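Participant: File run-v9.txt below, compact mmCIF, C-alpha atoms:
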# COMPACT_ATOMS: atom_id res chain seq x y z
CA MET A 1 0.00 0.00 0.00
CA PHE A 2 2.61 2.55 1.10
CA ALA A 3 5.03 1.12 -1.46
CA ALA A 4 2.51 1.87 -4.19
CA ALA A 5 2.15 5.39 -2.83
CA ALA A 6 5.95 5.82 -2.87
CA ILE A 7 6.15 4.64 -6.48
CA ALA A 8 3.34 7.01 -7.46
CA LEU A 9 5.22 9.87 -5.78
CA PHE A 10 8.39 8.93 -7.70
CA ILE A 11 6.48 9.06 -10.99
CA GLY A 12 5.12 12.47 -10.07
CA MET A 13 8.61 13.67 -9.14
CA VAL A 14 10.03 12.61 -12.51
CA ILE A 15 7.23 14.37 -14.39
CA VAL A 16 7.73 17.55 -12.34
CA LEU A 17 11.49 17.39 -12.91
CA PHE A 18 10.89 17.22 -16.63
CA ARG A 19 8.63 20.27 -16.44
CA LEU A 20 11.29 22.09 -14.44
CA TYR A 21 13.90 21.29 -17.09
CA ALA A 22 11.78 21.94 -20.19
CA GLY A 23 9.16 24.34 -18.89
CA PRO A 24 9.01 27.20 -21.40
CA THR A 25 8.00 30.06 -19.06
CA LEU A 26 9.40 31.04 -15.68
CA TYR A 27 6.06 30.41 -13.99
CA ASP A 28 6.12 26.77 -15.10
CA ARG A 29 9.46 26.47 -13.35
CA VAL A 30 8.28 28.16 -10.15
CA LEU A 31 5.24 25.91 -10.07
CA ALA A 32 7.37 22.84 -10.74
CA GLY A 33 9.77 23.77 -7.94
CA ASN A 34 6.90 24.29 -5.54
CA ALA A 35 5.32 20.99 -6.57
CA PHE A 36 8.63 19.21 -6.04
CA GLY A 37 8.77 20.61 -2.50
CA THR A 38 5.28 19.30 -1.87
CA TYR A 39 6.35 15.89 -3.19
CA THR A 40 9.26 15.97 -0.75
CA VAL A 41 6.89 16.62 2.16
CA LEU A 42 4.60 13.80 1.07
CA PHE A 43 7.52 11.45 0.51
CA ILE A 44 8.90 12.02 4.01
CA GLY A 45 5.47 11.13 5.39
CA VAL A 46 5.17 7.99 3.23
CA LEU A 47 8.72 6.96 4.10
CA GLY A 48 7.92 7.18 7.81
CA PHE A 49 4.94 4.88 7.45
CA LEU A 50 6.83 2.59 5.07
CA THR A 51 9.57 1.94 7.63
CA GLY A 52 7.04 1.72 10.46
CA ARG A 53 8.33 4.80 12.32
CA PRO A 54 6.12 7.79 11.59
CA ASP A 55 8.08 9.99 14.04
CA PHE A 56 9.30 12.42 11.40
CA LEU A 57 5.94 13.84 10.38
CA ASP A 58 6.60 17.12 12.23
CA ILE A 59 9.76 17.54 10.16
CA ALA A 60 7.65 17.15 7.04
CA LEU A 61 5.59 20.07 8.33
CA LEU A 62 8.75 22.19 8.61
CA TYR A 63 9.62 21.29 5.00
CA ALA A 64 6.19 22.53 3.98
CA LEU A 65 6.90 25.87 5.70
CA ILE A 66 10.30 26.23 3.98
CA ASN A 67 8.69 25.42 0.65
CA PHE A 68 6.03 28.08 1.15
CA VAL A 69 8.51 30.79 2.15
CA GLY A 70 10.83 29.87 -0.72
CA THR A 71 8.07 30.16 -3.29
CA ILE A 72 7.01 33.53 -1.87
CA VAL A 73 10.61 34.76 -2.13
CA VAL A 74 10.95 33.64 -5.74
CA LEU A 75 7.67 35.29 -6.73
CA LYS A 76 8.63 38.46 -4.89
CA TYR A 77 11.88 38.51 -6.84
CA PHE A 78 9.87 38.35 -10.07
CA ARG A 79 7.53 41.11 -9.05
CA TYR A 80 10.03 43.60 -7.68
CA ARG A 81 13.44 42.46 -9.03
CA ALA A 82 14.66 42.66 -5.42
CA ILE A 83 14.23 40.59 -2.30
CA GLY A 84 14.94 43.07 0.48
CA ASP A 85 13.16 46.34 1.07
CA THR A 86 10.48 47.05 -1.53
CA SER A 87 8.58 49.82 0.25
CA PRO A 88 7.41 52.70 -1.95
CA THR A 89 9.76 55.65 -2.27
CA PRO A 90 9.18 59.20 -3.53
CA ARG A 91 10.49 58.08 -6.92
CA GLY A 92 7.51 55.81 -7.57
CA THR A 93 6.02 52.53 -6.49
CA PRO A 94 8.26 49.47 -6.53
CA ALA A 95 6.42 48.12 -9.58
CA GLU A 96 7.20 51.28 -11.51
CA ARG A 97 10.79 51.17 -10.43
CA GLY A 98 10.96 47.54 -11.55
CA ARG A 99 9.57 48.48 -14.95
CA LEU A 100 11.99 51.38 -15.25
CA LYS A 101 14.87 49.10 -14.41
CA ASP A 102 13.71 46.61 -17.06
CA GLN A 103 13.63 49.31 -19.71
CA GLY A 104 17.02 50.49 -18.60
CA ALA A 105 18.38 46.98 -18.96
CA LYS A 106 16.97 46.61 -22.46
CA SER A 107 18.21 49.90 -23.86
CA MET B 1 12.02 -1.56 -1.12
CA GLU B 2 14.49 0.64 0.72
CA LEU B 3 17.20 -0.14 -1.82
CA PHE B 4 14.77 0.71 -4.61
CA ILE B 5 13.94 4.05 -2.95
CA ILE B 6 17.61 4.95 -2.48
CA LEU B 7 18.48 3.97 -6.06
CA THR B 8 15.59 5.99 -7.48
CA LEU B 9 16.55 9.03 -5.41
CA PHE B 10 20.17 8.76 -6.56
CA PHE B 11 19.02 8.39 -10.18
CA MET B 12 16.97 11.59 -9.90
CA LEU B 13 19.92 13.31 -8.18
CA VAL B 14 22.24 12.46 -11.08
CA VAL B 15 19.64 13.53 -13.65
CA THR B 16 19.21 16.86 -11.84
CA ALA B 17 22.97 17.41 -11.70
CA ILE B 18 23.34 16.74 -15.44
CA ALA B 19 20.41 19.08 -16.13
CA ILE B 20 22.11 21.81 -14.05
CA LEU B 21 25.27 21.35 -16.12
CA MET B 22 23.40 21.52 -19.42
CA MET B 23 21.22 24.54 -18.75
CA ARG B 24 22.32 28.04 -19.73
CA HIS B 25 19.23 29.74 -18.29
CA LEU B 26 20.35 30.69 -14.79
CA PHE B 27 16.92 30.98 -13.20
CA ALA B 28 16.18 27.36 -14.08
CA VAL B 29 19.59 26.42 -12.67
CA VAL B 30 18.67 28.07 -9.35
CA MET B 31 15.37 26.18 -9.18
CA LEU B 32 17.09 22.92 -10.15
CA SER B 33 19.73 23.34 -7.46
CA GLY B 34 16.91 23.79 -4.94
CA VAL B 35 15.47 20.49 -6.18
CA PHE B 36 18.95 18.94 -5.94
CA SER B 37 19.23 19.81 -2.25
CA LEU B 38 15.67 18.61 -1.58
CA LEU B 39 16.62 15.28 -3.15
CA SER B 40 19.77 15.00 -1.05
CA ALA B 41 17.70 15.88 2.03
CA LEU B 42 15.40 12.96 1.15
CA LEU B 43 18.45 10.72 0.87
CA PHE B 44 19.57 11.85 4.34
CA VAL B 45 16.09 11.04 5.67
CA THR B 46 16.33 7.51 4.25
CA LEU B 47 19.65 7.20 6.10
CA ASP B 48 17.87 8.26 9.34
CA ALA B 49 19.91 11.49 9.56
CA VAL B 50 16.89 13.73 9.97
CA ASP B 51 18.73 16.70 11.49
CA VAL B 52 21.29 16.76 8.67
CA ALA B 53 18.43 16.49 6.18
CA PHE B 54 16.68 19.43 7.73
CA THR B 55 19.82 21.56 7.65
CA GLU B 56 20.35 20.61 4.01
CA ALA B 57 16.78 21.57 3.11
CA ALA B 58 16.86 24.85 5.03
CA VAL B 59 20.26 25.94 3.70
CA GLY B 60 20.21 24.37 0.24
CA ALA B 61 16.62 24.89 -0.80
CA GLY B 62 15.93 27.97 1.33
CA ILE B 63 18.85 30.30 1.95
CA SER B 64 21.03 29.56 -1.06
CA THR B 65 18.09 29.89 -3.45
CA VAL B 66 17.44 33.34 -1.99
CA LEU B 67 21.13 34.28 -2.17
CA MET B 68 21.45 33.10 -5.77
CA LEU B 69 18.32 35.00 -6.77
CA GLY B 70 19.74 38.09 -5.07
CA THR B 71 22.96 37.63 -7.04
CA MET B 72 20.98 37.25 -10.25
CA ALA B 73 19.19 40.52 -9.49
CA LEU B 74 22.62 42.20 -9.48
CA THR B 75 24.16 40.38 -12.47
CA SER B 76 22.96 38.62 -15.60
CA ARG B 77 20.26 36.01 -16.09
CA ASN B 78 22.04 33.93 -18.69
CA GLU B 79 25.31 32.08 -18.50
CA LYS B 80 27.93 33.14 -21.00
CA MET B 81 29.31 30.43 -23.22
CA PRO B 82 32.91 29.62 -22.37
CA ARG B 83 35.20 30.93 -25.06
CA ASP B 84 37.60 28.01 -25.28
CA PHE B 85 38.06 24.68 -23.59
CA SER B 86 40.63 24.74 -20.80
CA PRO B 87 41.74 21.47 -19.21
CA ILE B 88 42.66 22.90 -15.78
CA PRO B 89 39.19 22.76 -14.17
CA LEU B 90 38.67 19.21 -15.42
CA LEU B 91 42.04 18.19 -13.97
CA VAL B 92 41.24 19.84 -10.62
CA VAL B 93 37.87 18.09 -10.44
CA ILE B 94 39.33 14.69 -11.34
CA ALA B 95 42.18 15.09 -8.84
CA THR B 96 39.84 16.16 -6.02
CA GLY B 97 37.44 13.33 -6.79
CA SER B 98 40.13 10.68 -6.82
CA VAL B 99 41.60 12.01 -3.55
CA LEU B 100 38.14 11.83 -1.95
CA ILE B 101 37.62 8.27 -3.19
CA TYR B 102 41.10 7.34 -1.95
CA GLY B 103 40.13 8.78 1.44
CA THR B 104 37.10 6.50 1.68
CA LEU B 105 39.29 3.40 1.27
CA ASP B 106 40.48 3.65 4.87
CA MET B 107 36.97 3.87 6.28
CA PRO B 108 35.31 0.80 7.81
CA ILE B 109 32.70 -0.91 5.65
CA PHE B 110 29.26 0.74 5.74
CA GLY B 111 27.31 -0.61 8.70
CA SER B 112 30.16 -2.81 9.91
CA PRO B 113 29.59 -3.69 13.60
CA THR B 114 33.32 -3.68 14.38
CA SER B 115 33.94 -0.09 13.31
CA PRO B 116 35.42 2.02 16.13
CA ALA B 117 32.47 4.40 16.16
CA LEU B 118 30.06 1.59 16.88
CA SER B 119 32.23 -0.53 19.21
CA HIS B 120 33.41 2.00 21.83
CA LEU B 121 32.15 5.48 21.12
CA ALA B 122 28.43 4.93 20.61
CA THR B 123 28.04 2.80 23.72
CA ALA B 124 30.00 5.30 25.80
CA TYR B 125 27.82 8.18 24.66
CA LEU B 126 24.63 6.18 25.09
CA THR B 127 25.45 5.12 28.65
CA GLN B 128 27.19 8.25 29.94
CA SER B 129 25.46 11.24 28.40
CA PRO B 130 22.28 10.98 30.56
CA HIS B 131 24.48 11.16 33.68
CA ASP B 132 26.96 13.71 32.31
CA ILE B 133 24.54 16.19 30.84
CA GLY B 134 21.04 15.24 31.81
CA VAL B 135 19.47 15.82 28.39
CA PRO B 136 17.29 12.85 27.44
CA ASN B 137 18.03 13.13 23.69
CA VAL B 138 21.54 11.80 23.04
CA VAL B 139 21.97 13.56 19.68
CA THR B 140 21.06 16.89 21.23
CA ALA B 141 23.45 16.23 24.12
CA ILE B 142 26.32 15.52 21.72
CA LEU B 143 25.57 18.49 19.48
CA ALA B 144 24.95 21.05 22.19
CA SER B 145 27.38 19.96 24.87
CA TYR B 146 30.17 17.62 23.76
CA ARG B 147 30.52 19.39 20.43
CA GLY B 148 29.73 22.86 21.73
CA TYR B 149 33.03 24.33 20.54
CA ASP B 150 32.52 22.72 17.12
CA THR B 151 29.13 24.32 16.86
CA LEU B 152 30.55 27.66 17.95
CA GLY B 153 33.19 27.41 15.22
CA GLU B 154 30.58 26.53 12.61
CA THR B 155 28.50 29.50 13.69
CA VAL B 156 31.50 31.80 13.37
CA VAL B 157 32.21 30.49 9.86
CA VAL B 158 28.62 30.97 8.74
CA PHE B 159 28.48 34.43 10.31
CA THR B 160 31.73 35.46 8.58
CA ALA B 161 30.38 34.22 5.24
CA CYS B 162 27.14 36.17 5.75
CA VAL B 163 29.04 39.36 6.62
CA GLY B 164 31.28 38.97 3.58
CA VAL B 165 28.34 38.50 1.23
CA LEU B 166 26.51 41.46 2.77
CA ILE B 167 29.56 43.69 2.38
CA LEU B 168 30.01 42.66 -1.27
CA ILE B 169 26.34 43.06 -2.22
CA GLY B 170 25.87 46.22 -0.15
CA GLY B 171 28.93 47.82 -1.76
CA LEU B 172 27.62 47.02 -5.24
CA ALA B 173 24.18 48.45 -4.48
CA ARG B 174 25.65 51.62 -2.99
CA ARG B 175 27.87 52.15 -6.04
CA ARG B 176 24.92 51.61 -8.37
CA ARG B 177 22.81 54.11 -6.42
CA LYS B 178 25.62 56.66 -6.62
CA ASP B 179 25.83 56.09 -10.38
CA GLU B 180 22.10 56.67 -10.76
CA GLU B 181 22.29 59.88 -8.78
CA GLY B 182 25.25 60.95 -10.94
CA THR B 183 23.33 60.40 -14.18
CA ASN B 184 20.23 62.14 -12.85
Please re-express this file's structure in structure tokens.
Facilitator:
Amino acid sequence: MFAAAAIALFIGMVIVLFRLYAGPTLYDRVLAGNAFGTYTVLFIGVLGFLTGRPDFLDIALLYALINFVGTIVVLKYFRYRAIGDTSPTPRGTPAERGRLKDQGAKS
Amino acid sequence: MELFIILTLFFMLVVTAIAILMMRHLFAVVMLSGVFSLLSALLFVTLDAVDVAFTEAAVGAGISTVLMLGTMALTSRNEKMPRDFSPIPLLVVIATGSVLIYGTLDMPIFGSPTSPALSHLATAYLTQSPHDIGVPNVVTAILASYRGYDTLGETVVVFTACVGVLILIGGLARRRRKDEEGTN
């Protein structure tokens, strides 16, 4: 039962890895990375039950938290081109600054 | 089943490493290296080293992804093609790899019951640490008390690395801001 679940998770991981490698847009890659983190959480849970010692489930919860924060950071990087302080300044909102920087990079 | 799981995880690890080598698009490389460290964390979990696995996931998939994205915000998004093939990096990698493999030859066989760590050390820690330290978890007792100076040294190394990175990135950002003000 748990072995079948582990094999199903492996198949899902391989598919997600392929999407991460091929994935034409950046959002495909972010989604694939996030999905791979979720597979990791699930796999730790399945592995605990497979070996008969489900003591590590709380650690799987911590992995879920890391995964969430990591995805937020990556998306924030996309939105603002920076990870640190993105509060609005007198020179415009962060989104405008990001757009200005993009145009500056292109020209 | 356990052998199958470990082999599959290693297979995916190798595939991810080859993909990282092949890609020129640096954002995908950052995401793939996060996946690489998640896979190695899973391998650590199958080896029952849960604390190491958690450190690997937090540092590899969390902090270094953030640091690499921050670096990409300051530099380019695409890797430049190398201009010509130089044999020195290949030689360095092969030499380091063979030295590491040569170093494993002296180690006791994996799981061997007569290895020194299992014959004297583990039993000593298991019997004495509850009396010496009074912490019920033996791993925590070893990490926090017996290896306290080790942990202090590791913390100093990590702190120094953080300060160095912050100085480098902060200097770059300040110079860029000064440039912008100059052009305005």
Participant: Could you tell me how far atom CA of A:Phe2 sits from atom CA of A:Phe49, in Å to one decimal place?
Facilitator: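 We find that atom CA of A:Phe49 and atom CA of A:Phe2 lie 7.2 Å from each other.
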Participant: Could you tell me which residues of chain A sit within 10 Å of chain B when counting all atoms listed in the file, and give me the result as number ranges by chain?
Facilitator: A: 3, 6-7, 10, 13-14, 17-18, 20-23, 25-26, 29-30, 32-34, 36-37, 39-41, 43-44, 47-48, 50-51, 56, 59-60, 62-63, 66-71, 73-74, 77-78, 80-84
Participant: Nearest to A:Ala4 among A:Val46, A:Leu75, A:Pro24, A:Arg53, with distances taken over only C-alpha atoms: which residue is it?
Facilitator: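 Nearest candidate to A:Ala4 out of A:Val46, A:Leu75, A:Pro24, A:Arg53: A:Val46.
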